[in-house]
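**Student:** Dumping the structure here so I can ask a few things about it.
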Protein chains: 2
Amino acid sequence: MGITERRERERENLRATILEAARELMSEGGMDALSMRAIAKRIEYSPGTIYLYFRDKDDLIRSLVSEAMNFLLRYMRRALAEAGPDATPAQQHRATGYAYVRFAMENTAHFRVMFDIPGVAQMVDCPEPSEHESMPDHESFEFVTELLRRAVAAGELDVPEPRHGALVAWGLLHGLISLYLSGHLAHVVENAEQFEGLVDAAMDSLYRGWLPREDPFAGAGTALVKEEAS
Amino acid sequence: MGITERRERERENLRATILEAARELMSEGGMDALSMRAIAKRIEYSPGTIYLYFRDKDDLIRSLVSEAMNFLLRYMRRALAEAGPDATPAQQHRATGYAYVRFAMENTAHFRVMFDIPGVAQMVDCPEPSEHESMPDHESFEFVTELLRRAVAAGELDVPEPRHGALVAWGLLHGLISLYLSGHLAHVVENAEQFEGLVDAAMDSLYRGWLPREDPFAGAGTALVKEEAS
DNA sequence: GGCGGTTGCTGAACGGTGTTAAGTTGTTGG
DNA sequence: CCAACAACTTAACACCGTTCAGCAACCGCC
């Protein structure tokens with residue numbers, strides 16, 4: 001059965017080659033440069049060949065996103081490892097946040113294909129059953145939530161609802177990155193360093209809101225800024 | 001000179017008609033449905049005609065974005081008016097935040113064209129000199145910053161750097177909306193009401209971090225969660 | 001009144017896109 | 001040895017943004 005195995009291997013090989021070419025094109029020229037014909041030309045195959053390995057362009061992008069998700073996960077794991085074994089849960093959470101930002105800065109094209117394309121989330125979430133391994137999208141999210149939960153258990157933070165808290169932190173960083181990458185902050189933050197400062201300030205604001213209070217009555221102050229009219 | 005004026009009026013009229021058709025197509029079928037040919041068919045003109053009123057598809061989109069920006073601004077002004085004349089600055093700030101979210105929910109297509117398309121910010125920022133009235137993009141941003149500054153002046157909030165603070169609030173809401181609209185929160189927040197709850201929680205976290213503290217030493221706790229290794 | 005020039009618009013074309021179906025190889029198994 | 005199959009190509013289809021020659025209808029002017 002060595003022959004059929006070699007066939008299988010070669011088949012997987014071409015599939016990987018296609019994905020690699022797609023990844024390169026995306027990184028080099030953005031999403032516009034990612035066309036089926038361009039991929040075909042780069043790997044020196046006919047455009048039709050790609051459709052023997054991917055049902056769709058969407059299918060191909062789905063694989064690209066899945067790849068990028070795993071890549072992001074590695075960023076976060078590495079940040080966790082670099083934070084050291086005696087880092088507190090809150091420190092670990094902050095480290096994963098920075099990893100998210102760093103991933104977006106160092107792999108802008110991947111970040112964009114993950115989050116800019118409408119409907120890509122549904123695509124990755126529900127592939128045809130057993131098509132490919134499911135995405136680590138909310139796997140990593142659950143992981144971050146767990147960090148927050150541990151920080152609460154340790155008395156380090158006071159997050160009313162860790163699930164919400166994780167979402168808030170994610171949204172905060174994601175929004176800042178998104179606005180920065182799309183150029184809407186061009187008039188406010190001029191370069192990457194300034195943006196890092198902004199991220200720092202954002203995290204400070206967030207964690208300061210989550211600090212446990214000695215004064216048991218201090219929490220009531222929140223109502224101050226709550227809107228009364230719906 | 002009534003004739004040339006009528007000509008001018010008719011010209012502007014067709015321009016407006018084109019924009020209206022584009023707006024409708026965008027709202028109905030998303031960004032994919034917004035093609036020059038589809039616009040032409042809808043207004044019953046030849047595709048080439050559009051190029052007599054807009055240099056580019058980008059130019060057309062730029063106008064669409066400019067429109068949407070003004071629309072968003074109206075949302076925020078209205079929210080401010082509805083908040084009442086005796087609303088505190090912080091309450092006003094929160095109201096504009098909700099207006100931002102409401103705008104995104106009720107005009108998803110407009111929101112997308114404003115923020116999803118790469119490079120649209122630069123397009124709107126620097127149109128050819130005196131092409132059209134400049135965008136209210138960071139006009140509204142400056143306005144929100146001012147609200148925050150006033151809240152600080154009134155002793156209602158303690159925001160170290162209002163400019164950063166406004167960005168953080170913007171990023172937080174924008175990120176949550178962006179993630180929600182792209183479907184990445186589908187597994188965590190199931191419907192619009194849950195999302196509103198999430199927005200509430202996010203705002204609570206944010207403002208809680210900005211509450212002024214009686215205890216002058218409490219602020220030092222922020223360092224607790226700051227990462228030491230770079 | 002007729003005429004040159006301008007204006008507003010058309011329709012076809014060009015090169016690009018994703019996608020598919022028929023056709024062409026080369027290999028393999030009975 | 002030949003039928004079946006797999007991998008791949010080729011050519012087409014329908015769409016896209018964009019351009020440009022041409023064509024009526026109208027303008028001011030002689």
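Letters A, B, ... go to the chains of the structure tokens in the order shown; residues in each chain start at 1; ligands are counted from 1 in the same order.
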When you get a sec, could you note down which chain A residues fall within 8 Å of chain C, using only C-alpha atoms (C1' of nucleotides), as a ChimeraX atom specification?
**Tutor:** /A:35-36,57
**Student:** Could you dump the residues just selected with all heavy atoms as a CSV table (one decimal), in the first residue's frame?
**Tutor:**
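Final output, again-v5.csv:
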```
chain,number,residue,atom,x,y,z
A,35,SER,N,-6.5,36.1,-5.4
A,35,SER,CA,-7.4,35.5,-6.4
A,35,SER,C,-7.1,34.1,-6.8
A,35,SER,O,-5.9,33.8,-6.8
A,35,SER,CB,-7.5,36.5,-7.6
A,35,SER,OG,-6.4,36.2,-8.5
A,36,MET,N,-8.1,33.4,-7.1
A,36,MET,CA,-7.8,32.0,-7.5
A,36,MET,C,-6.8,31.9,-8.7
A,36,MET,O,-5.9,31.0,-8.7
A,36,MET,CB,-9.1,31.4,-7.9
A,36,MET,CG,-10.2,31.4,-6.9
A,36,MET,SD,-9.7,30.5,-5.4
A,36,MET,CE,-10.6,29.0,-5.5
A,57,LYS,N,-13.8,29.3,-3.2
A,57,LYS,CA,-12.8,30.3,-2.6
A,57,LYS,C,-13.1,30.5,-1.1
A,57,LYS,O,-12.2,30.6,-0.3
A,57,LYS,CB,-13.0,31.6,-3.3
A,57,LYS,CG,-11.8,32.6,-3.0
A,57,LYS,CD,-12.0,33.9,-3.6
A,57,LYS,CE,-10.7,34.8,-3.4
A,57,LYS,NZ,-10.9,36.2,-3.9
```
**Student:** Name the residues in contact with DC8 of chain D at a cut-off of 10 Å, using only C-alpha atoms (C1' of nucleotides), excluding same-chain residues fewer than 6 positions from it; report them as a list in words.
**Tutor:**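 So, after excluding close chain neighbours, the residues are Tyr45, Ser46, Gly48, Thr49 and Leu52 of chain A; DT24 and DT25 of chain C.
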**Student:** Save the residues we just selected, all heavy atoms, as a short mmCIF file (atom, residue, chain, number, x, y, z; two decimals), in the first residue's frame?
**Tutor:**
```
data_model
loop_
_atom_site.label_atom_id
_atom_site.label_comp_id
_atom_site.auth_asym_id
_atom_site.auth_seq_id
_atom_site.Cartn_x
_atom_site.Cartn_y
_atom_site.Cartn_z
N TYR A 45 -0.08 25.94 -11.67
CA TYR A 45 -1.11 24.99 -12.02
C TYR A 45 -2.24 25.77 -12.70
O TYR A 45 -2.26 27.01 -12.67
CB TYR A 45 -1.65 24.28 -10.78
CG TYR A 45 -0.82 23.09 -10.36
CD1 TYR A 45 0.33 23.24 -9.59
CD2 TYR A 45 -1.21 21.80 -10.71
CE1 TYR A 45 1.09 22.15 -9.21
CE2 TYR A 45 -0.46 20.70 -10.33
CZ TYR A 45 0.68 20.88 -9.59
OH TYR A 45 1.42 19.81 -9.20
N SER A 46 -3.14 25.03 -13.29
CA SER A 46 -4.31 25.67 -13.88
C SER A 46 -5.29 26.08 -12.77
O SER A 46 -5.36 25.43 -11.72
CB SER A 46 -4.98 24.70 -14.83
OG SER A 46 -6.34 24.95 -14.93
N GLY A 48 -8.36 25.71 -12.54
CA GLY A 48 -9.32 24.65 -12.24
C GLY A 48 -8.81 23.66 -11.21
O GLY A 48 -9.60 23.07 -10.48
N THR A 49 -7.51 23.47 -11.17
CA THR A 49 -6.93 22.49 -10.25
C THR A 49 -7.28 22.78 -8.79
O THR A 49 -7.54 21.87 -8.01
CB THR A 49 -5.40 22.47 -10.41
OG1 THR A 49 -5.10 22.24 -11.77
CG2 THR A 49 -4.78 21.40 -9.55
N LEU A 52 -10.15 21.17 -7.26
CA LEU A 52 -10.07 19.76 -6.91
C LEU A 52 -9.67 19.59 -5.46
O LEU A 52 -9.79 18.50 -4.90
CB LEU A 52 -9.07 19.05 -7.83
CG LEU A 52 -9.38 19.15 -9.33
CD1 LEU A 52 -8.24 18.56 -10.13
CD2 LEU A 52 -10.68 18.45 -9.64
P DT C 24 -10.05 15.80 -26.44
OP1 DT C 24 -9.75 16.41 -27.76
OP2 DT C 24 -10.79 14.52 -26.37
"O5'" DT C 24 -8.70 15.67 -25.64
"C5'" DT C 24 -8.04 16.86 -25.18
"C4'" DT C 24 -6.98 16.49 -24.16
"O4'" DT C 24 -7.59 16.26 -22.86
"C3'" DT C 24 -6.21 15.21 -24.48
"O3'" DT C 24 -4.83 15.47 -24.37
"C2'" DT C 24 -6.68 14.21 -23.45
"C1'" DT C 24 -6.98 15.13 -22.27
N1 DT C 24 -7.93 14.58 -21.26
C2 DT C 24 -7.54 14.49 -19.95
O2 DT C 24 -6.46 14.85 -19.54
N3 DT C 24 -8.50 13.96 -19.10
C4 DT C 24 -9.77 13.52 -19.45
O4 DT C 24 -10.53 13.07 -18.60
C5 DT C 24 -10.10 13.63 -20.84
C7 DT C 24 -11.44 13.17 -21.32
C6 DT C 24 -9.18 14.14 -21.68
P DT C 25 -3.78 14.63 -25.23
OP1 DT C 25 -3.40 15.40 -26.40
OP2 DT C 25 -4.34 13.23 -25.38
"O5'" DT C 25 -2.54 14.56 -24.22
"C5'" DT C 25 -2.21 13.31 -23.70
"C4'" DT C 25 -2.26 13.38 -22.17
"O4'" DT C 25 -3.61 13.25 -21.71
"C3'" DT C 25 -1.52 12.22 -21.53
"O3'" DT C 25 -0.20 12.62 -21.26
"C2'" DT C 25 -2.30 11.95 -20.26
"C1'" DT C 25 -3.58 12.78 -20.39
N1 DT C 25 -4.85 12.06 -20.09
C2 DT C 25 -5.15 11.73 -18.80
O2 DT C 25 -4.42 11.95 -17.85
N3 DT C 25 -6.36 11.11 -18.63
C4 DT C 25 -7.28 10.79 -19.63
O4 DT C 25 -8.35 10.22 -19.36
C5 DT C 25 -6.90 11.16 -20.97
C7 DT C 25 -7.83 10.87 -22.11
C6 DT C 25 -5.72 11.78 -21.14
#
```
**Student:** Tell me, as a list in words, which residues lie within 8 Å of Gln92 of chain A, counting only C-alpha atoms (C1' of nucleotides); anything in the same chain fewer than 6 positions away does not count.
**Tutor:** Leu80, Ala83 and Leu147 of chain A
**Student:** Could you write those residues out with C-alpha atoms, as a compact mmCIF listing (two decimals), in the first residue's frame?
**Tutor:**
```
# COMPACT_ATOMS: atom_id res chain seq x y z
CA LEU A 80 1.81 32.83 28.74
CA ALA A 83 5.12 35.51 31.57
CA LEU A 147 -7.85 33.05 33.52
```
**Student:** Measure the distance from atom CA of Tyr180 of chain B to atom CA of Arg163 of chain A in Å and round it to one decimal.
**Tutor:**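 These atoms are spaced 14.9 Å apart.
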**Student:** Starting from chain B, keep only residues with some atom at most 12 Å from an atom of chain D, counting only C-alpha atoms (C1' of nucleotides), and report them as a ChimeraX atom specification.
**Tutor:** /B:3-4,7,32-38,47-52,54-58
**Student:** Give me, as number ranges by chain, the residues of segment 45-192 of chain B that a backbone DSSP run labels alpha helix (DSSP H).
**Tutor:** B: 47-50, 57-82, 89-106, 108-115, 120-125, 137-153, 162-181, 192
**Student:** Got time to write the residues from that selection, C-alpha atoms, as a tab-separated table (two decimals), in the first residue's frame?
**Tutor:**
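That gives us selection10.tsv:
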```
chain	number	residue	atom	x	y	z
B	47	PRO	CA	-23.25	52.00	-16.32
B	48	GLY	CA	-21.11	54.62	-17.98
B	49	THR	CA	-23.37	57.40	-16.79
B	50	ILE	CA	-22.33	56.90	-13.18
B	57	LYS	CA	-16.40	53.36	-7.30
B	58	ASP	CA	-14.19	54.48	-4.44
B	59	ASP	CA	-15.37	58.03	-4.96
B	60	LEU	CA	-18.97	56.88	-4.73
B	61	ILE	CA	-18.27	54.89	-1.59
B	62	ARG	CA	-16.48	57.90	-0.15
B	63	SER	CA	-19.69	59.88	-0.53
B	64	LEU	CA	-21.65	57.06	1.00
B	65	VAL	CA	-19.33	57.03	3.99
B	66	SER	CA	-19.53	60.77	4.36
B	67	GLU	CA	-23.30	60.49	4.41
B	68	ALA	CA	-23.16	57.74	7.00
B	69	MET	CA	-20.83	59.80	9.17
B	70	ASN	CA	-23.30	62.63	9.28
B	71	PHE	CA	-26.04	60.14	10.00
B	72	LEU	CA	-24.09	58.80	12.96
B	73	LEU	CA	-23.52	62.32	14.18
B	74	ARG	CA	-27.27	62.90	14.13
B	75	TYR	CA	-27.77	59.78	16.21
B	76	MET	CA	-25.41	61.09	18.84
B	77	ARG	CA	-26.89	64.58	18.88
B	78	ARG	CA	-30.36	63.15	19.28
B	79	ALA	CA	-29.22	60.91	22.12
B	80	LEU	CA	-27.75	63.95	23.78
B	81	ALA	CA	-30.98	65.86	23.38
B	82	GLU	CA	-32.97	62.95	24.76
B	89	PRO	CA	-21.30	65.05	31.38
B	90	ALA	CA	-20.69	61.40	32.19
B	91	GLN	CA	-24.32	60.57	31.54
B	92	GLN	CA	-24.06	62.43	28.27
B	93	HIS	CA	-20.95	60.49	27.37
B	94	ARG	CA	-22.69	57.24	28.09
B	95	ALA	CA	-25.64	58.35	26.01
B	96	THR	CA	-23.45	58.99	22.98
B	97	GLY	CA	-21.97	55.52	23.47
B	98	TYR	CA	-25.39	53.95	23.33
B	99	ALA	CA	-26.17	56.05	20.28
B	100	TYR	CA	-23.09	54.58	18.59
B	101	VAL	CA	-24.27	51.07	19.33
B	102	ARG	CA	-27.81	51.81	18.22
B	103	PHE	CA	-26.57	53.31	14.99
B	104	ALA	CA	-24.57	50.18	14.26
B	105	MET	CA	-27.50	47.90	15.05
B	106	GLU	CA	-30.06	49.84	13.03
B	108	THR	CA	-25.49	47.71	9.84
B	109	ALA	CA	-24.69	48.25	6.18
B	110	HIS	CA	-23.73	51.87	6.76
B	111	PHE	CA	-21.64	50.89	9.73
B	112	ARG	CA	-19.82	48.31	7.63
B	113	VAL	CA	-19.08	50.65	4.77
B	114	MET	CA	-17.64	53.11	7.26
B	115	PHE	CA	-15.35	50.78	9.10
B	120	VAL	CA	-11.81	54.18	3.59
B	121	ALA	CA	-10.64	56.35	6.44
B	122	GLN	CA	-7.81	57.82	4.39
B	123	MET	CA	-10.21	58.31	1.52
B	124	VAL	CA	-12.61	60.32	3.61
B	125	ASP	CA	-9.91	62.15	5.51
B	137	ASP	CA	-15.13	61.77	11.75
B	138	HIS	CA	-12.88	63.25	14.39
B	139	GLU	CA	-15.16	66.24	14.81
B	140	SER	CA	-17.52	63.93	16.67
B	141	PHE	CA	-14.52	62.36	18.35
B	142	GLU	CA	-13.34	65.71	19.66
B	143	PHE	CA	-16.83	66.31	20.88
B	144	VAL	CA	-16.89	63.08	22.89
B	145	THR	CA	-13.47	63.90	24.29
B	146	GLU	CA	-14.82	67.22	25.44
B	147	LEU	CA	-17.65	65.48	27.27
B	148	LEU	CA	-15.12	63.36	29.11
B	149	ARG	CA	-13.04	66.41	29.94
B	150	ARG	CA	-16.07	68.12	31.40
B	151	ALA	CA	-16.88	65.03	33.46
B	152	VAL	CA	-13.38	65.19	34.88
B	153	ALA	CA	-13.67	68.90	35.56
B	162	PRO	CA	-9.42	62.30	28.29
B	163	ARG	CA	-8.11	61.89	24.78
B	164	HIS	CA	-7.01	58.35	25.55
B	165	GLY	CA	-10.18	57.80	27.50
B	166	ALA	CA	-12.39	58.71	24.58
B	167	LEU	CA	-10.40	56.37	22.37
B	168	VAL	CA	-10.70	53.56	24.88
B	169	ALA	CA	-14.47	53.98	25.10
B	170	TRP	CA	-14.74	54.16	21.34
B	171	GLY	CA	-12.54	51.11	20.88
B	172	LEU	CA	-14.48	49.13	23.45
B	173	LEU	CA	-17.86	49.74	21.83
B	174	HIS	CA	-16.51	49.46	18.33
B	175	GLY	CA	-14.80	46.17	19.09
B	176	LEU	CA	-17.87	44.60	20.66
B	177	ILE	CA	-20.06	45.72	17.76
B	178	SER	CA	-17.51	44.56	15.24
B	179	LEU	CA	-17.18	41.12	16.81
B	180	TYR	CA	-20.92	40.79	17.21
B	181	LEU	CA	-21.72	41.79	13.63
B	192	ALA	CA	-29.67	41.31	20.41
```
**Student:** Hey, which of A:Gly209, A:Pro160, A:Pro85, A:Gly197 ends up closest to chain B? Count only C-alpha atoms.
**Tutor:**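 Looking only at the distances to chain B, the closest residue turns out to be A:Gly209.
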**Student:** Measuring between only C-alpha atoms, which one of A:Gly84, A:Thr17, A:Asn107, A:Ala40 shows the shortest distance to chain B?
**Tutor:**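 Of the candidates, the smallest distance to chain B is held by A:Gly84.
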**Student:** So which one's closest to chain A, B:Arg15, B:Gly183, B:Asp200, B:Glu190? Using only C-alpha atoms, please.
**Tutor:**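 Comparing B:Arg15, B:Gly183, B:Asp200, B:Glu190 against chain A, the winner is B:Gly183.
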**Student:** Counting only C-alpha atoms, which of A:Met203, A:Glu193, A:Pro212, A:Ser182 gets nearest to chain B?
**Tutor:** A:Ser182
**Student:** Quick one: of A:Ala186, A:Glu28, A:Glu44, A:Glu196, who's nearest to chain B, counting only C-alpha atoms?
**Tutor:**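 Closest to chain B of all the choices is A:Ala186.
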**Student:** Atom CA of Thr88 of chain B to atom CA of Gly155 of chain B: how many Å, to one decimal?
**Tutor:** 10.7 Å
